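Novice: Here you go, protein.txt (compact mmCIF, C-alpha atoms):
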# COMPACT_ATOMS: atom_id res chain seq x y z
CA MET A 1 54.05 150.20 29.76
CA ALA A 2 52.80 146.69 29.09
CA LYS A 3 53.46 144.23 31.88
CA VAL A 4 55.46 141.07 31.38
CA THR A 5 53.42 137.88 31.64
CA LYS A 6 55.19 135.38 33.86
CA ALA A 7 52.65 132.54 33.81
CA ARG A 8 52.66 130.12 30.91
CA PRO A 9 49.44 131.02 29.11
CA LYS A 10 47.59 128.96 26.52
CA LEU A 11 47.41 130.97 23.33
CA TYR A 12 46.44 130.64 19.72
CA ASN A 13 49.31 131.54 17.44
CA PRO A 14 48.99 135.33 16.86
CA LYS A 15 50.52 135.07 13.38
CA TRP A 16 48.03 132.43 12.31
CA ILE A 17 45.19 134.53 13.70
CA CYS A 18 46.17 137.56 11.63
CA ALA A 19 46.67 135.49 8.49
CA ALA A 20 43.38 133.62 8.86
CA ALA A 21 41.49 136.86 9.56
CA LEU A 22 42.23 137.95 5.99
CA ILE A 23 40.04 135.06 4.79
CA PHE A 24 37.55 134.81 7.65
CA THR A 25 37.26 138.56 8.43
CA PRO A 26 38.23 140.33 11.69
CA ILE A 27 35.21 138.67 13.30
CA PHE A 28 37.28 135.51 13.40
CA GLY A 29 40.50 137.29 14.34
CA GLY A 30 38.89 139.44 17.01
CA LEU A 31 37.30 136.49 18.79
CA LEU A 32 40.57 134.57 18.98
CA GLN A 33 42.58 137.61 19.98
CA ALA A 34 40.09 138.37 22.75
CA ARG A 35 40.63 134.83 24.01
CA ASN A 36 44.40 135.37 23.96
CA TRP A 37 44.17 138.74 25.72
CA GLU A 38 42.16 137.18 28.52
CA GLN A 39 44.80 134.48 28.95
CA LEU A 40 47.39 137.24 29.22
CA GLY A 41 45.30 139.06 31.84
CA MET A 42 44.72 142.16 29.69
CA LYS A 43 40.98 142.79 29.97
CA ASP A 44 41.00 146.17 28.22
CA GLU A 45 42.59 144.73 25.12
CA ALA A 46 40.08 141.87 25.16
CA ARG A 47 37.22 144.39 25.22
CA ALA A 48 38.80 146.25 22.30
CA SER A 49 38.97 143.00 20.34
CA ARG A 50 35.29 142.30 21.01
CA PHE A 51 34.45 145.82 19.88
CA TRP A 52 36.08 145.00 16.55
CA VAL A 53 34.05 141.80 16.39
CA ARG A 54 30.78 143.71 16.82
CA SER A 55 31.81 146.39 14.33
CA SER A 56 32.81 143.79 11.76
CA VAL A 57 29.49 141.99 12.14
CA TRP A 58 27.64 145.22 11.35
CA LEU A 59 29.87 145.98 8.37
CA VAL A 60 29.56 142.48 6.93
CA GLY A 61 25.79 142.62 7.40
CA LEU A 62 25.66 145.97 5.59
CA TYR A 63 27.73 144.56 2.75
CA LEU A 64 25.41 141.55 2.53
CA VAL A 65 22.42 143.84 2.01
CA MET A 66 24.27 145.95 -0.57
CA GLN A 67 25.47 142.86 -2.40
CA THR A 68 21.90 141.58 -2.67
CA LEU A 69 20.28 144.86 -3.71
CA PHE A 70 22.99 145.82 -6.22
CA ARG A 71 23.62 142.30 -7.51
CA HIS A 72 23.06 143.43 -11.12
CA GLU A 73 25.82 146.03 -10.95
CA PRO A 74 29.10 144.85 -12.55
CA VAL A 75 31.15 146.48 -9.79
CA MET A 76 29.74 144.05 -7.22
CA ALA A 77 31.64 141.22 -8.88
CA TYR A 78 34.89 142.82 -7.68
CA MET A 79 33.71 144.53 -4.49
CA GLY A 80 33.90 141.45 -2.25
CA PRO A 81 37.69 140.97 -2.25
CA TRP A 82 38.25 144.72 -1.88
CA PHE A 83 35.85 144.87 1.05
CA LEU A 84 37.64 142.02 2.83
CA LEU A 85 41.05 143.54 2.18
CA VAL A 86 40.09 147.01 3.41
CA LEU A 87 38.35 145.63 6.50
CA TRP A 88 41.31 143.42 7.36
CA GLY A 89 43.77 146.27 6.78
CA ALA A 90 41.83 148.62 9.06
CA TRP A 91 41.70 145.98 11.79
CA MET A 92 45.40 145.20 11.53
CA ALA A 93 46.41 148.86 11.52
CA THR A 94 44.32 149.80 14.56
CA HIS A 95 44.30 146.72 16.79
CA GLY A 96 45.26 143.39 15.23
CA ARG A 97 49.00 144.02 15.17
CA ARG A 98 49.15 144.87 18.88
CA GLN A 99 49.00 141.25 19.93
CA LEU A 100 51.74 140.31 17.50
CA ALA A 101 54.08 142.88 19.05
CA HIS A 102 53.09 142.07 22.64
CA VAL A 103 53.62 138.33 22.31
CA ARG A 104 56.90 138.85 20.46
CA ASP A 105 58.29 141.24 23.06
CA PHE A 106 56.85 140.04 26.38
CA VAL A 107 55.60 136.47 26.08
CA LYS A 108 58.56 134.23 25.43
CA ASP A 109 57.02 130.97 26.58
CA TYR A 110 53.43 129.91 26.03
CA GLU A 111 51.45 126.80 25.24
CA LEU A 112 50.24 126.72 21.65
CA LEU A 113 46.58 125.78 21.23
CA PRO A 114 45.45 123.72 18.20
CA PHE A 115 44.13 125.80 15.32
CA GLY A 116 42.10 123.25 13.36
CA LYS A 117 38.77 123.69 15.17
CA THR A 118 38.95 127.44 14.82
CA MET A 119 39.31 127.08 11.04
CA THR A 120 36.11 125.04 11.06
CA MET A 121 34.39 127.97 12.77
CA GLY A 122 35.55 130.29 10.01
CA ILE A 123 34.32 127.96 7.27
CA LEU A 124 30.93 127.62 8.96
CA GLY A 125 30.74 131.40 9.12
CA TRP A 126 31.13 131.67 5.35
CA VAL A 127 28.54 128.91 4.86
CA LEU A 128 26.10 130.92 6.98
CA TYR A 129 26.87 134.03 4.94
CA GLY A 130 26.19 132.19 1.69
CA MET A 131 22.90 130.80 2.99
CA LEU A 132 21.73 134.25 4.08
CA SER A 133 22.70 135.78 0.75
CA PHE A 134 20.90 133.05 -1.20
CA THR A 135 17.79 133.32 0.99
CA ILE A 136 17.52 137.09 0.60
CA THR A 137 18.08 136.93 -3.16
CA LEU A 138 15.49 134.16 -3.54
CA ALA A 139 12.96 136.13 -1.49
CA LEU A 140 13.45 139.21 -3.70
CA MET A 141 13.01 137.14 -6.86
CA ILE A 142 9.85 135.43 -5.57
CA THR A 143 8.23 138.65 -4.41
CA GLY A 144 9.31 140.51 -7.56
CA PHE A 145 10.86 143.29 -5.51
CA GLU A 146 13.64 144.79 -7.61
CA PRO A 147 14.65 148.22 -6.27
CA PHE A 148 17.37 148.49 -8.89
CA GLU A 149 16.67 146.97 -12.29
CA GLU A 150 19.33 145.24 -14.31
CA PRO A 151 20.97 147.80 -16.61
CA VAL A 152 20.41 147.37 -20.33
CA LYS A 153 23.68 146.81 -22.10
CA ALA A 154 24.27 148.91 -25.19
CA PRO A 155 25.38 147.12 -28.34
CA GLU A 156 29.15 147.07 -28.63
CA ASN A 157 29.42 146.48 -32.38
CA GLY A 158 27.08 149.13 -33.75
CA VAL A 159 23.62 148.81 -35.26
CA ILE A 160 21.83 149.16 -38.59
CA ILE A 161 18.59 151.15 -38.57
CA ARG A 162 16.16 150.19 -41.32
CA MET A 163 12.80 151.69 -42.19
CA ASN A 164 10.76 149.09 -44.05
CA PRO A 165 7.79 150.23 -46.19
CA GLY A 166 4.59 150.12 -44.19
CA ASP A 167 6.30 150.04 -40.79
CA GLU A 168 5.60 152.79 -38.30
CA LYS A 169 8.81 152.25 -36.34
CA PRO A 170 12.32 151.65 -37.64
CA THR A 171 13.93 148.26 -37.24
CA VAL A 172 17.20 148.18 -35.33
CA VAL A 173 19.53 145.30 -36.18
CA GLU A 174 22.67 144.80 -34.12
CA LEU A 175 25.81 144.16 -36.11
CA PRO A 176 27.67 140.94 -35.34
CA PRO A 177 31.06 141.04 -33.60
CA PRO A 178 34.09 141.50 -35.87
CA GLU A 179 35.06 137.85 -35.51
CA GLU A 180 31.64 136.62 -36.59
CA ALA A 181 31.49 139.16 -39.40
CA ALA A 182 34.88 137.95 -40.69
CA LYS A 183 33.71 134.33 -40.54
CA THR A 184 30.49 135.19 -42.39
CA LYS A 185 32.41 137.08 -45.07
CA SER A 186 34.83 134.18 -45.50
CA ALA A 187 31.93 131.75 -45.81
CA GLU A 188 30.24 133.95 -48.42
CA SER A 189 33.49 134.24 -50.38
CA ALA A 190 33.92 130.47 -50.30
CA GLU A 191 30.35 129.97 -51.51
CA SER A 192 30.86 132.49 -54.34
CA ALA A 193 34.07 130.78 -55.43
CA GLN A 194 32.35 127.40 -55.35
CA SER A 195 29.41 128.72 -57.39
CA ALA A 196 31.77 130.20 -59.99
CA GLU A 197 33.67 126.93 -60.22
CA GLU A 198 30.43 124.98 -60.65
CA ALA A 199 29.32 127.40 -63.40
CA LYS A 200 32.61 126.93 -65.25
CA HIS A 201 32.31 123.18 -64.91
CA ALA A 202 28.75 123.24 -66.31
CA GLU A 203 29.82 125.48 -69.19
CA ALA A 204 32.72 123.17 -70.03
CA GLN A 205 30.38 120.19 -69.93
CA VAL A 206 27.95 121.90 -72.34
CA GLU A 207 30.79 122.74 -74.72
CA ALA A 208 32.02 119.15 -74.59
CA GLU A 209 28.53 117.88 -75.41
CA GLN A 210 28.25 120.32 -78.32
CA GLU A 211 31.62 119.24 -79.69
CA ALA A 212 30.66 115.59 -79.38
CA GLN A 213 27.39 116.27 -81.19
CA ALA A 214 29.20 118.17 -83.96
CA ALA A 215 31.69 115.33 -84.38
CA ALA A 216 28.85 112.83 -84.65
CA GLN A 217 27.14 114.92 -87.33
CA THR A 218 30.40 115.21 -89.27
CA ASP A 219 30.88 111.47 -89.22
CA ALA A 220 27.31 111.02 -90.49
CA GLY A 221 27.91 113.43 -93.39
CA VAL A 222 25.58 116.07 -92.03
CA PRO A 223 26.98 119.57 -92.58
CA VAL A 224 27.56 121.46 -89.38
CA PRO A 225 26.37 125.07 -89.52
CA ASP A 226 28.96 127.68 -88.71
CA GLU A 227 27.98 129.51 -85.52
CA LYS A 228 29.99 132.59 -86.43
CA PRO A 229 28.74 134.74 -89.37
With the file now loaded, output its structure as structure tokens.
Specialist:
Amino acid sequence: MAKVTKARPKLYNPKWICAAALIFTPIFGGLLQARNWEQLGMKDEARASRFWVRSSVWLVGLYLVMQTLFRHEPVMAYMGPWFLLVLWGAWMATHGRRQLAHVRDFVKDYELLPFGKTMTMGILGWVLYGMLSFTITLALMITGFEPFEEPVKAPENGVIIRMNPGDEKPTVVELPPPEEAAKTKSAESAESAQSAEEAKHAEAQVEAEQEAQAAAQTDAGVPVPDEKP
């Protein structure tokens, strides 16, 4: 049975710790909970919190390597939030929630420590993670080491295979997306309509000139030949 703490300890808010650990990983939450457990005189729980800190460091490091090596895989764009959520859920289910229950049930009076500086620690941790990720990626690009090449995306709109005379290999032309094809067809239709209208206008102009010429010949007394037999 857990013992009741009679002294007035100095603690970080357990609720804030659990909430912030969702963003800053159980590394952040485990360190602060270990500090709280020591204030409460519970050394075994503090050691368990530090064990979670070490385990989380290894898991985050492993994910960093996987994220760098498999950076061309589409699934890696969504793996980060899932990794954080699963890691936080495992920590809360096995150890993180213990401090919430203990403080709620046995520690009625305690001095609340400021939480602002600890948030700065969490932000600096993510900055360090970003710098490591960028450095590893840059090193791989400079050295040309690509263990997993970027997958070639297949055309989504179909292709046209043509075999031109004299070519040894067929020519593959990717079809445009439906939206672009519709725009191209509309533009071609507009051009055809405009060309037809211009042709009609030119034909009408020629007929008008012929009629004017015939009228001039009639006025001059020159017989106008009949075009129809």
Novice: Pick out the residues sitting within 10 Å of stretch 64-66 of chain A, and hand them over as a short mmCIF file (atom, residue, chain, number, x, y, z; two decimals) with C-alpha atoms, in the coordinates of the input; count all atoms listed in the file, and ignore anything fewer than 3 positions along from it in its own chain.
Specialist:
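As a result, part16.cif now contains:
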data_model
loop_
_atom_site.label_atom_id
_atom_site.label_comp_id
_atom_site.auth_asym_id
_atom_site.auth_seq_id
_atom_site.Cartn_x
_atom_site.Cartn_y
_atom_site.Cartn_z
CA TRP A 58 27.64 145.22 11.35
CA LEU A 59 29.87 145.98 8.37
CA VAL A 60 29.56 142.48 6.93
CA GLY A 61 25.79 142.62 7.40
CA LEU A 69 20.28 144.86 -3.71
CA PHE A 70 22.99 145.82 -6.22
CA ARG A 71 23.62 142.30 -7.51
CA MET A 76 29.74 144.05 -7.22
CA GLY A 80 33.90 141.45 -2.25
CA TYR A 129 26.87 134.03 4.94
CA GLY A 130 26.19 132.19 1.69
CA LEU A 132 21.73 134.25 4.08
CA SER A 133 22.70 135.78 0.75
CA ILE A 136 17.52 137.09 0.60
CA THR A 137 18.08 136.93 -3.16
#
Novice: Record the distance separating atom CA of A:Phe83 and atom CA of A:Leu11, expressed in Å with one decimal.
Specialist: 28.7 Å
Novice: So, counting only C-alpha atoms, which residue among A:Val172, A:Leu40, A:Met163, A:Met141 is closest to A:Asp109?
Specialist: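 Once distances to A:Asp109 are computed over only C-alpha atoms, the minimum belongs to A:Leu40.
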Novice: Please provide as a PDB file with C-alpha atoms, keeping the file's coordinate frame all residues within 6 Å of stretch 12-28 of chain A, with the sequence filter that same-chain residues fewer than 2 positions apart are discarded (counting only C-alpha atoms).
Specialist:
ATOM      1  CA  GLY A  30      38.890 139.440  17.010  1.00  0.00           C
ATOM      2  CA  LEU A  31      37.300 136.490  18.790  1.00  0.00           C
ATOM      3  CA  VAL A  53      34.050 141.800  16.390  1.00  0.00           C
ATOM      4  CA  SER A  56      32.810 143.790  11.760  1.00  0.00           C
ATOM      5  CA  TRP A  88      41.310 143.420   7.360  1.00  0.00           C
ATOM      6  CA  LEU A 100      51.740 140.310  17.500  1.00  0.00           C
ATOM      7  CA  LEU A 112      50.240 126.720  21.650  1.00  0.00           C
ATOM      8  CA  LEU A 113      46.580 125.780  21.230  1.00  0.00           C
ATOM      9  CA  GLY A 122      35.550 130.290  10.010  1.00  0.00           C
TER      10      GLY A 122
END
Novice: How many Å lie between atom CA of A:Val107 and atom CA of A:Glu45, rounded to one decimal?
Specialist: 15.4 Å
Novice: As an exercise, work out the distance from atom CA of A:Gln213 to atom CA of A:Ser195 in Å and give it to one decimal place.
Specialist: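 Between atom CA of A:Gln213 and atom CA of A:Ser195 the gap works out to 26.9 Å.
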